[in-house]
Amino acid sequence: MQKPPVNSLNLDLLVALRDTLVKLEKEKCKGMILTSESPSVFSAGLDIMEMYRPDHNRARKFWTTLQDTWIKLYSSPYPTVAAINGHSPAGGCLLALSCEYRVMVGPKFTIGLNETQLGIVAPFWFQDCMRNAIGERQAELALTLGKMFSVDEALKVGLIDEIAKDKADAISKAEDFLDEQSGLPALARSTVKVAFREATLNRLLKNREADTKMFLDFISMPKVQQALEMYMQTLKKK
Ligand SMILES: CCCCC/C=C\C/C=C\C/C=C/C(=O)SCCNC(=O)CCNC(=O)[C@H](O)C(C)(C)COP(=O)(O)OP(=O)(O)OC[C@H]1O[C@@H](n2cnc3c(N)ncnc32)[C@H](O)[C@@H]1OP(=O)(O)O
């Protein structure tokens with residue numbers, strides 16, 4: 001990802017990510033490493049400006065493109081690794097969680113689904129991804145708190161798989177993971193992957209319109225708009 005300053009996921013970046021994932025699948029990609037050009041941020045998550053005082057049609061397109069991107073990434077037949085070389089809150093954490101393996105550069109960055117702290121709610125499929133990685137108990141604790149994990153904490157709870165000392169080390173560890181996968185029969189590998197992920201995928205696939213409506217209704221609430229405005233001001237003041 002290369003959208004300075006913080007790879008916030010706006011409509012344009014989501015379209016680019018989705019189209020890339022579609023292309024990779026078509027071209028029978030052997031493996032993908034998702035990382036960031038920024039030296040300190042993997043992705044700041046959803047672009048708050050897409051949710052603040054939104055145009056209804058654009059907000060719908062934004063949300064359905066996010067759903068498309070997630071579905072493509074989560075169900076990709078080829079192996080995927082997140083080389084998390086910076087902070088990774090909320091939607092950034094979702095992208096990392098949707099890969100098969102996570103290597104994160106330590107020690108100073110943080111990762112987690114922090115939505116509760118912003119006065120918004122992580123959608124059920126964000127929650128499912130966290131639950132699938134760290135289990136029901138730890139996911140409930142983390143999501144109710146909107147907890148951002150340090151790299152050490154993330155490793156301990158199973159949110160990431162390995163710690164790297166810098167980006168080059170993260171890429172090298174990600175390549176090791178991909179090398180290990182490359183010797184396997186591709187169809188067997190991808191069938192097992194999709195079998196593990198099917199229930200989570202189907203939950204969104206069967207409820208896409210309801211999920212979109214929930215998002216649009218939620219961001220139309222004055223209280224939510226107020227919370228987003230205050231949060232943007234805090235970020236700008238910083
Ligand atoms: C029951 C109903 C359920 C229905 C669900 C409905 C609604 C919920 C929907 C979705 C869930 C939401 C998911 C999200 O992803 S929300 C976004 C969450 N992201 C964050 O909280 C991160 C905020 N950013 C930071 O913490 C920091 O910026 C950083 C990533 C740690 C980087 O810090 P750094 O010091 O390097 O940079 P700055 O803070 O100075 O930021 C630079 C610049 O970028 C702007 N910016 C940062 N993050 C965002 C963002 N997410 N969106 C838009 N803009 C962002 C920041 O304001 C600065 O701008 P400036 O103009 O001042 O340069």
# chains A, B, ... in the order shown; residues from 1 in each chain; ligands from 1
>>> residues_near_ligand(ligand="ligand 1", cutoff="7 Å", atoms="only C-alpha atoms and all ligand atoms", output="JSON, numbers by chain")
{"A": [5, 6, 8, 40, 41, 43, 44, 45, 46, 47, 48, 49, 87, 88, 89, 90, 91, 92, 114, 115, 118, 120, 121, 122, 123, 214, 215, 218, 219, 232, 235, 236, 238]}
>>> write_last_selection(atoms="N, CA and C atoms", output="compact mmCIF listing (two decimals), in the first residue's frame")
# COMPACT_ATOMS: atom_id res chain seq x y z
N PRO A 5 -0.53 9.97 3.91
CA PRO A 5 0.53 9.64 4.85
C PRO A 5 0.32 8.32 5.60
N VAL A 6 -0.94 7.79 5.63
CA VAL A 6 -1.18 6.69 6.56
C VAL A 6 -1.93 5.50 5.95
N SER A 8 -4.83 5.36 4.68
CA SER A 8 -6.23 5.25 5.12
C SER A 8 -7.02 4.69 3.94
N SER A 40 6.08 3.87 9.20
CA SER A 40 5.51 3.74 10.55
C SER A 40 4.04 3.34 10.60
N VAL A 41 3.39 3.27 9.44
CA VAL A 41 1.97 2.89 9.44
C VAL A 41 1.72 1.82 8.38
N SER A 43 -1.58 0.42 7.94
CA SER A 43 -2.75 1.14 7.42
C SER A 43 -3.51 1.70 8.62
N ALA A 44 -3.95 2.98 8.50
CA ALA A 44 -4.71 3.62 9.59
C ALA A 44 -6.17 3.19 9.60
N GLY A 45 -6.51 2.18 8.77
CA GLY A 45 -7.89 1.71 8.76
C GLY A 45 -8.75 2.52 7.82
N LEU A 46 -10.05 2.40 7.99
CA LEU A 46 -10.97 3.09 7.07
C LEU A 46 -10.74 4.59 7.15
N ASP A 47 -10.84 5.23 6.00
CA ASP A 47 -10.68 6.67 5.96
C ASP A 47 -11.90 7.31 6.61
N ILE A 48 -11.67 8.00 7.71
CA ILE A 48 -12.78 8.55 8.48
C ILE A 48 -13.58 9.56 7.66
N MET A 49 -12.92 10.21 6.70
CA MET A 49 -13.64 11.19 5.88
C MET A 49 -14.70 10.53 4.98
N HIS A 87 1.90 0.82 12.49
CA HIS A 87 0.64 0.72 13.23
C HIS A 87 -0.46 0.15 12.33
N SER A 88 -1.37 -0.57 12.98
CA SER A 88 -2.39 -1.25 12.19
C SER A 88 -3.73 -1.29 12.94
N PRO A 89 -4.36 -0.10 13.07
CA PRO A 89 -5.63 -0.08 13.79
C PRO A 89 -6.82 -0.44 12.89
N ALA A 90 -7.87 -0.96 13.49
CA ALA A 90 -9.20 -1.12 12.88
C ALA A 90 -9.14 -1.78 11.49
N GLY A 91 -9.54 -1.05 10.44
CA GLY A 91 -9.54 -1.64 9.10
C GLY A 91 -8.16 -2.13 8.68
N GLY A 92 -7.10 -1.53 9.21
CA GLY A 92 -5.73 -2.00 8.93
C GLY A 92 -5.52 -3.38 9.54
N ASN A 114 -9.86 -1.13 17.29
CA ASN A 114 -10.05 -0.09 18.31
C ASN A 114 -11.37 0.66 18.17
N GLU A 115 -12.29 0.14 17.33
CA GLU A 115 -13.50 0.89 16.99
C GLU A 115 -14.26 1.41 18.22
N LEU A 118 -13.57 4.69 19.48
CA LEU A 118 -13.97 5.82 18.63
C LEU A 118 -15.46 6.08 18.71
N ILE A 120 -17.62 3.88 17.56
CA ILE A 120 -18.25 3.13 16.49
C ILE A 120 -18.09 1.64 16.80
N VAL A 121 -18.66 0.80 15.94
CA VAL A 121 -18.72 -0.63 16.26
C VAL A 121 -18.04 -1.42 15.15
N ALA A 122 -17.15 -2.32 15.53
CA ALA A 122 -16.54 -3.20 14.51
C ALA A 122 -17.63 -4.12 13.96
N PRO A 123 -17.87 -4.11 12.64
CA PRO A 123 -18.89 -4.98 12.06
C PRO A 123 -18.64 -6.46 12.39
N MET A 214 -26.97 -1.54 7.65
CA MET A 214 -26.59 -1.26 9.04
C MET A 214 -25.51 -0.18 9.08
N PHE A 215 -24.54 -0.31 8.17
CA PHE A 215 -23.46 0.68 8.10
C PHE A 215 -24.03 2.07 7.77
N PHE A 218 -26.04 3.44 10.60
CA PHE A 218 -25.17 3.75 11.74
C PHE A 218 -24.46 5.08 11.53
N ILE A 219 -23.91 5.26 10.34
CA ILE A 219 -23.16 6.52 10.13
C ILE A 219 -24.10 7.72 9.91
N MET A 232 -11.75 13.13 14.60
CA MET A 232 -10.95 13.77 13.55
C MET A 232 -10.22 15.00 14.12
N LEU A 235 -7.26 13.92 16.10
CA LEU A 235 -6.16 13.50 15.22
C LEU A 235 -5.45 14.71 14.62
N LYS A 236 -6.26 15.70 14.20
CA LYS A 236 -5.66 16.89 13.56
C LYS A 236 -4.83 17.68 14.56
N LYS A 238 -3.31 16.64 17.12
CA LYS A 238 -2.08 15.88 17.39
C LYS A 238 -0.98 16.31 16.42
>>> select_by_dssp(residues="segment 102-186 of chain A", states="alpha helix (DSSP H)", output="PyMOL selection string")
chain A and resi 115-118+124-134+136-145+151-157+167-182+186
>>> write_last_selection(atoms="N, CA and C atoms", output="short mmCIF file (atom, residue, chain, number, x, y, z; two decimals), in the first residue's frame")
data_model
loop_
_atom_site.label_atom_id
_atom_site.label_comp_id
_atom_site.auth_asym_id
_atom_site.auth_seq_id
_atom_site.Cartn_x
_atom_site.Cartn_y
_atom_site.Cartn_z
N GLU A 115 -12.29 0.14 17.33
CA GLU A 115 -13.50 0.89 16.99
C GLU A 115 -14.26 1.41 18.22
N THR A 116 -14.40 0.55 19.24
CA THR A 116 -15.17 0.95 20.43
C THR A 116 -14.66 2.26 21.01
N GLN A 117 -13.35 2.43 20.97
CA GLN A 117 -12.76 3.67 21.53
C GLN A 117 -13.18 4.90 20.74
N LEU A 118 -13.57 4.69 19.48
CA LEU A 118 -13.97 5.82 18.63
C LEU A 118 -15.46 6.08 18.71
N PHE A 124 -19.70 -7.28 12.25
CA PHE A 124 -19.59 -8.68 12.71
C PHE A 124 -18.47 -9.42 12.00
N TRP A 125 -18.18 -9.09 10.74
CA TRP A 125 -17.14 -9.85 10.01
C TRP A 125 -15.75 -9.42 10.45
N PHE A 126 -15.58 -8.18 10.91
CA PHE A 126 -14.31 -7.78 11.55
C PHE A 126 -14.15 -8.62 12.83
N GLN A 127 -15.25 -8.67 13.60
CA GLN A 127 -15.22 -9.41 14.87
C GLN A 127 -14.89 -10.88 14.63
N ASP A 128 -15.52 -11.45 13.58
CA ASP A 128 -15.29 -12.88 13.27
C ASP A 128 -13.81 -13.14 12.98
N CYS A 129 -13.19 -12.22 12.23
CA CYS A 129 -11.77 -12.42 11.88
C CYS A 129 -10.91 -12.42 13.14
N MET A 130 -11.22 -11.52 14.06
CA MET A 130 -10.44 -11.49 15.31
C MET A 130 -10.68 -12.77 16.11
N ARG A 131 -11.95 -13.18 16.19
CA ARG A 131 -12.30 -14.40 16.94
C ARG A 131 -11.56 -15.60 16.35
N ASN A 132 -11.52 -15.68 15.01
CA ASN A 132 -10.85 -16.81 14.36
C ASN A 132 -9.35 -16.85 14.67
N ALA A 133 -8.77 -15.65 14.89
CA ALA A 133 -7.32 -15.61 15.16
C ALA A 133 -7.00 -15.86 16.63
N ILE A 134 -7.76 -15.24 17.54
CA ILE A 134 -7.31 -15.29 18.95
C ILE A 134 -8.30 -15.99 19.88
N GLU A 136 -12.53 -16.91 21.15
CA GLU A 136 -13.73 -16.19 21.62
C GLU A 136 -13.43 -15.27 22.83
N ARG A 137 -12.81 -15.83 23.86
CA ARG A 137 -12.62 -15.09 25.11
C ARG A 137 -11.76 -13.84 24.91
N GLN A 138 -10.59 -14.05 24.28
CA GLN A 138 -9.66 -12.92 24.08
C GLN A 138 -10.24 -11.91 23.11
N ALA A 139 -11.01 -12.39 22.11
CA ALA A 139 -11.61 -11.47 21.13
C ALA A 139 -12.67 -10.60 21.81
N GLU A 140 -13.47 -11.20 22.67
CA GLU A 140 -14.50 -10.40 23.36
C GLU A 140 -13.85 -9.33 24.23
N LEU A 141 -12.82 -9.73 24.96
CA LEU A 141 -12.11 -8.75 25.81
C LEU A 141 -11.52 -7.63 24.95
N ALA A 142 -10.86 -8.02 23.87
CA ALA A 142 -10.17 -7.02 23.03
C ALA A 142 -11.16 -6.07 22.35
N LEU A 143 -12.26 -6.62 21.86
CA LEU A 143 -13.21 -5.79 21.10
C LEU A 143 -14.04 -4.88 21.99
N THR A 144 -14.43 -5.37 23.17
CA THR A 144 -15.20 -4.48 24.05
C THR A 144 -14.33 -3.31 24.49
N LEU A 145 -13.05 -3.58 24.74
CA LEU A 145 -12.12 -2.51 25.15
C LEU A 145 -11.68 -1.64 23.97
N VAL A 151 3.33 -5.19 20.05
CA VAL A 151 3.78 -6.33 19.24
C VAL A 151 3.95 -7.58 20.12
N ASP A 152 4.52 -7.40 21.31
CA ASP A 152 4.71 -8.55 22.21
C ASP A 152 3.36 -9.14 22.63
N GLU A 153 2.43 -8.25 22.98
CA GLU A 153 1.09 -8.73 23.38
C GLU A 153 0.41 -9.46 22.22
N ALA A 154 0.58 -8.90 21.02
CA ALA A 154 -0.08 -9.50 19.84
C ALA A 154 0.46 -10.91 19.60
N LEU A 155 1.76 -11.09 19.80
CA LEU A 155 2.35 -12.42 19.60
C LEU A 155 1.82 -13.39 20.66
N LYS A 156 1.77 -12.89 21.90
CA LYS A 156 1.36 -13.75 23.01
C LYS A 156 -0.07 -14.27 22.81
N VAL A 157 -0.94 -13.39 22.31
CA VAL A 157 -2.35 -13.77 22.20
C VAL A 157 -2.63 -14.50 20.86
N LYS A 167 11.59 -3.98 8.39
CA LYS A 167 10.76 -4.38 7.25
C LYS A 167 11.42 -5.49 6.42
N ALA A 168 12.74 -5.35 6.19
CA ALA A 168 13.43 -6.37 5.37
C ALA A 168 13.30 -7.74 6.03
N ASP A 169 13.44 -7.77 7.34
CA ASP A 169 13.31 -9.04 8.08
C ASP A 169 11.88 -9.57 7.97
N ALA A 170 10.91 -8.65 8.02
CA ALA A 170 9.50 -9.07 7.91
C ALA A 170 9.24 -9.68 6.53
N ILE A 171 9.78 -9.05 5.50
CA ILE A 171 9.58 -9.57 4.14
C ILE A 171 10.27 -10.94 4.00
N SER A 172 11.46 -11.04 4.58
CA SER A 172 12.19 -12.31 4.49
C SER A 172 11.41 -13.43 5.20
N LYS A 173 10.86 -13.13 6.36
CA LYS A 173 10.06 -14.13 7.10
C LYS A 173 8.77 -14.47 6.32
N ALA A 174 8.19 -13.45 5.69
CA ALA A 174 6.98 -13.68 4.89
C ALA A 174 7.32 -14.59 3.70
N GLU A 175 8.49 -14.36 3.09
CA GLU A 175 8.90 -15.21 1.96
C GLU A 175 9.13 -16.65 2.41
N ASP A 176 9.68 -16.81 3.62
CA ASP A 176 9.86 -18.18 4.15
C ASP A 176 8.53 -18.90 4.23
N PHE A 177 7.50 -18.16 4.71
CA PHE A 177 6.17 -18.77 4.80
C PHE A 177 5.68 -19.18 3.41
N LEU A 178 5.85 -18.26 2.44
CA LEU A 178 5.38 -18.56 1.08
C LEU A 178 6.16 -19.72 0.47
N ASP A 179 7.47 -19.79 0.74
CA ASP A 179 8.29 -20.89 0.21
C ASP A 179 7.77 -22.23 0.72
N GLU A 180 7.41 -22.24 2.00
CA GLU A 180 6.91 -23.47 2.61
C GLU A 180 5.62 -23.93 1.92
N GLN A 181 4.78 -22.96 1.55
CA GLN A 181 3.50 -23.28 0.91
C GLN A 181 3.69 -23.72 -0.54
N SER A 182 4.78 -23.23 -1.17
CA SER A 182 4.90 -23.40 -2.62
C SER A 182 5.11 -24.86 -3.03
N ALA A 186 -1.53 -27.13 -5.07
CA ALA A 186 -2.27 -25.88 -4.90
C ALA A 186 -3.76 -26.09 -4.63
#
>>> select_by_dssp(residues="segment 14-161 of chain A", states="strand (DSSP E or B)", output="MDAnalysis selection string")
chainID A and resid 32:34 41 46 80:84 87:89 101:105 110:112 149:150
>>> closest_residue(among="A:Leu73, A:Glu162, A:Pro107, A:Met221", to="Gly31 of chain A", atoms="only C-alpha atoms")
A:Leu73
>>> atom_distance(atom1="atom CA of Glu27 of chain A", atom2="atom CA of Glu100 of chain A")
19.6 Å
